[in-house]
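Presented below is the structure to which this report refers.
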Amino acid sequence: MTDADARDERRPAGELEAAVMAALWAAGAPLTPGLVQTELGSGLARTTVATILTRLHEKGVVSRERQGRGYAYFPVQDAPGLTARRMHSELDRDADRETVLARFVAQLSPGDEQYLRRLLEGDER
Amino acid sequence: MTALLLVPLLVPFLAPPLARRAADRLAPATALWVLTASALALAGACVAALGALILTGLLTLPAFAALGELVHPLRTPADHVVLPAATAATGVLTLSAWTLVRSALRQTRAFRTARTQAGRRPAAGDLCVIDSPHPDAYALPGRPHRIVVTTGMLRSLGPAEREALFAHERAHNRSGHHYFLAAAELAAHGHPALRATRDAIRLAAERAADEAAAEVVGDRRLTATAIARAALAGQASPTTRPAFAPAATTGPVPRRVAALLEPSRGRSRATRRTASLLVACTVLSVAAGTAGVADFHHRVEIAQGEESP
């Protein structure tokens, strides 16, 4: 086990749950514990991932379906996009909403965009 | 001595360029403290000076002089400017109070909605996912802290980049950055020039969270690409740039990315000078404001017959 692996196993349960949940949402299709582990690409043991998925299932945040001998998990959706619509309609009304909610990224100018694209292209080369 | 009251009204105009340079050069967490404290002090001095000007004007009116139990007329430097100055100050202060109240109400409402919606869904750890193709992510302070991320954002990032994003948002929550942002907002309503300072404070908060995220994931470049990818995902489509569009990268996102990619710059003498200048401006403003208000108080006491000139 490398240092990074040890770090992953020691992380707080909440952070691991968040990482697993994010992987399920990003995938957009049901994932088995093994696939979640691959998707995360981190040093988590498959059994740890399976435990987290079971816990999320007990909380009612994810659903599961039979797949082969095990289960494949997927996030529970609310009434389609209801939360999203409510939140966007309320938040988007305020041009200055960044002031209470620190958003990850701000709007870009065309120059900004070009600079960032160059950076990412250079990164993938 | 009433001229002293003009100092807190004028000095804040010097603050934005200094604040921007301080935000660029100081360590982000330090910059956040220095900028926020100076913005609050400058705004406070400005509001106090406006208040003293208004009271001076009011006390030259007989009705208010009687109310203030003045037995002598209030000595003012130039009677013909006192009333116009007081009227202007009243207008400015009323406008500031109005925009402040409106902004506070709006933001409280937006914050409540966000909390209610986040609270309605069972959370996976501290993560609240919103099913929306529009990429967005923010830290939601309160108990318990939450990270709100849309599926659009989750899908534009790789697993490691998602961890950088989460670490960034957790840093906002852990360090209570929303208090700094609220203070910056408050100060921005105290003096128009402090709006630019508010942007510098916002950038310092993002930079501080970026540095914390880079520390957690142990990779500055990864953190930088996560920010770049998230920002680009937020753009509706690649813009077809007209040839004359400026290619200068002045927005906050490229500055954050560049700061993560550059090797950390040493704390030079220029850094110290910028920070000291900002602190000096703030001290000057507060001192002049205090002296002006004290002088005003002294003149009121004289007019009340409680002190001899």
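How things are named: the first chain in the structure tokens is A, the next is B, and so on; residues count from 1 in each chain; ligands count from 1 in the order shown.
Close contacts of Arg229 in chain B, defined as residues with an atom at most 7 Å away when counting only C-alpha atoms, with chain neighbours fewer than 4 positions off set aside, comprise Leu157, Thr225 and Ala233 of chain B.
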Practice task
For range 151-156 of chain B, work out the shell of residues within 6 Å, counting only C-alpha atoms and skipping chain neighbours fewer than 2 positions away, then give it as a PyMOL selection string.
Solution key: (chain A and resi 26) or (chain B and resi 131-136)
Practice task
Would you mind reading off the distance between CA of Leu31 in chain A and CA of Phe74 in chain A, one decimal, in Å?
Solution key: 6.6 Å
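Between CA of Ala258 in chain B and CA of Asp112 in chain A lies a distance of 11.2 Å.
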Exercise for the section: Could you give me, as JSON, numbers by chain, the residues within 9 Å of Phe104 in chain A, counting only C-alpha atoms and dropping anything in the same chain fewer than 2 positions from it? Expected result: {"A": [102, 106], "B": [136, 137, 138, 139, 165, 168, 169, 206, 227, 230, 231]}
Fill in the blank from the handout: CA of Leu67 in chain B sits from CA of Val81 in chain B at a separation of 22.3 Å
Exercise for the section: Would you kindly return, as an MDAnalysis selection string, each protein, DNA or RNA residue with an atom no farther than 8 Å from any atom of range 280-294 of chain B, considering only C-alpha atoms and excluding same-chain residues fewer than 2 positions away? Expected result: chainID B and resid 1:5 7:8 11 14:15 38 41:42 45:46 48:49 52 276:278 296:298
For the selection just defined, write its residues with C-alpha atoms to a file, as a CSV table (one decimal), in the first residue's frame.
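Result written to selection_22.csv:
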chain,number,residue,atom,x,y,z
B,1,MET,CA,-11.1,70.8,11.8
B,2,THR,CA,-14.2,69.8,9.9
B,3,ALA,CA,-11.9,69.3,6.9
B,4,LEU,CA,-10.6,66.2,8.7
B,5,LEU,CA,-14.0,64.6,8.1
B,7,VAL,CA,-10.2,62.4,4.7
B,8,PRO,CA,-12.3,59.2,5.4
B,11,VAL,CA,-8.9,57.9,1.2
B,14,LEU,CA,-6.7,54.9,-2.9
B,15,ALA,CA,-7.6,51.5,-1.5
B,38,SER,CA,-9.0,47.5,6.1
B,41,ALA,CA,-12.2,50.1,8.9
B,42,LEU,CA,-12.3,52.4,5.9
B,45,ALA,CA,-14.6,55.7,9.2
B,46,CYS,CA,-16.5,56.9,6.1
B,48,ALA,CA,-18.9,58.0,10.9
B,49,ALA,CA,-17.6,61.0,9.0
B,52,ALA,CA,-20.8,63.8,11.9
B,276,SER,CA,2.2,48.8,4.7
B,277,LEU,CA,0.7,51.4,2.3
B,278,LEU,CA,-2.7,49.9,2.6
B,296,PHE,CA,-17.4,67.8,16.4
B,297,HIS,CA,-18.2,66.4,19.8
B,298,HIS,CA,-16.1,69.1,21.5
Handout entry: Spatial neighbours of range 59-71 of chain A, max dist 9 Å, only C-alpha atoms, sep filter under 6 positions, as a PyMOL selection string
Key = (chain A and resi 21+24+30-33+53+77) or (chain B and resi 121-124)
Exercise for the section: Using DSSP on the backbone coordinates, identify all residues within range 150-268 of chain B classified as helix (DSSP H, G or I); present the result as number ranges by chain. Expected result: B: 151-156, 159-174, 177-188, 194-217, 220-234, 252-261
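Checking B:Gly218, B:Gly91, B:Pro144, B:Gly125 one by one against chain A, counting only C-alpha atoms, you find the shortest gap at B:Gly125.
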Exercise for the section: Please give the complete set of residues from range 56-291 of chain B that DSSP, run on the backbone, assigns to strand (DSSP E), formatted as a count of residues only. Expected result: 13
Practice task
Pick out the residues sitting within 10 Å of Thr87 in chain B, and hand them over as a VMD selection string; count only C-alpha atoms, and ignore anything fewer than 6 positions along from it in its own chain.
Solution key: chain B and resid 53 to 54 57 to 58 93
Could you dump the residues just selected with C-alpha atoms as a PDB file, in the first residue's frame?
ATOM      1  CA  LEU B  53     -21.438  65.995   8.778  1.00  0.00           C
ATOM      2  CA  ILE B  54     -25.176  65.305   8.960  1.00  0.00           C
ATOM      3  CA  GLY B  57     -25.893  70.405   9.541  1.00  0.00           C
ATOM      4  CA  LEU B  58     -28.879  69.473  11.695  1.00  0.00           C
ATOM      5  CA  LEU B  93     -26.026  57.629   3.581  1.00  0.00           C
TER       6      LEU B  93
END
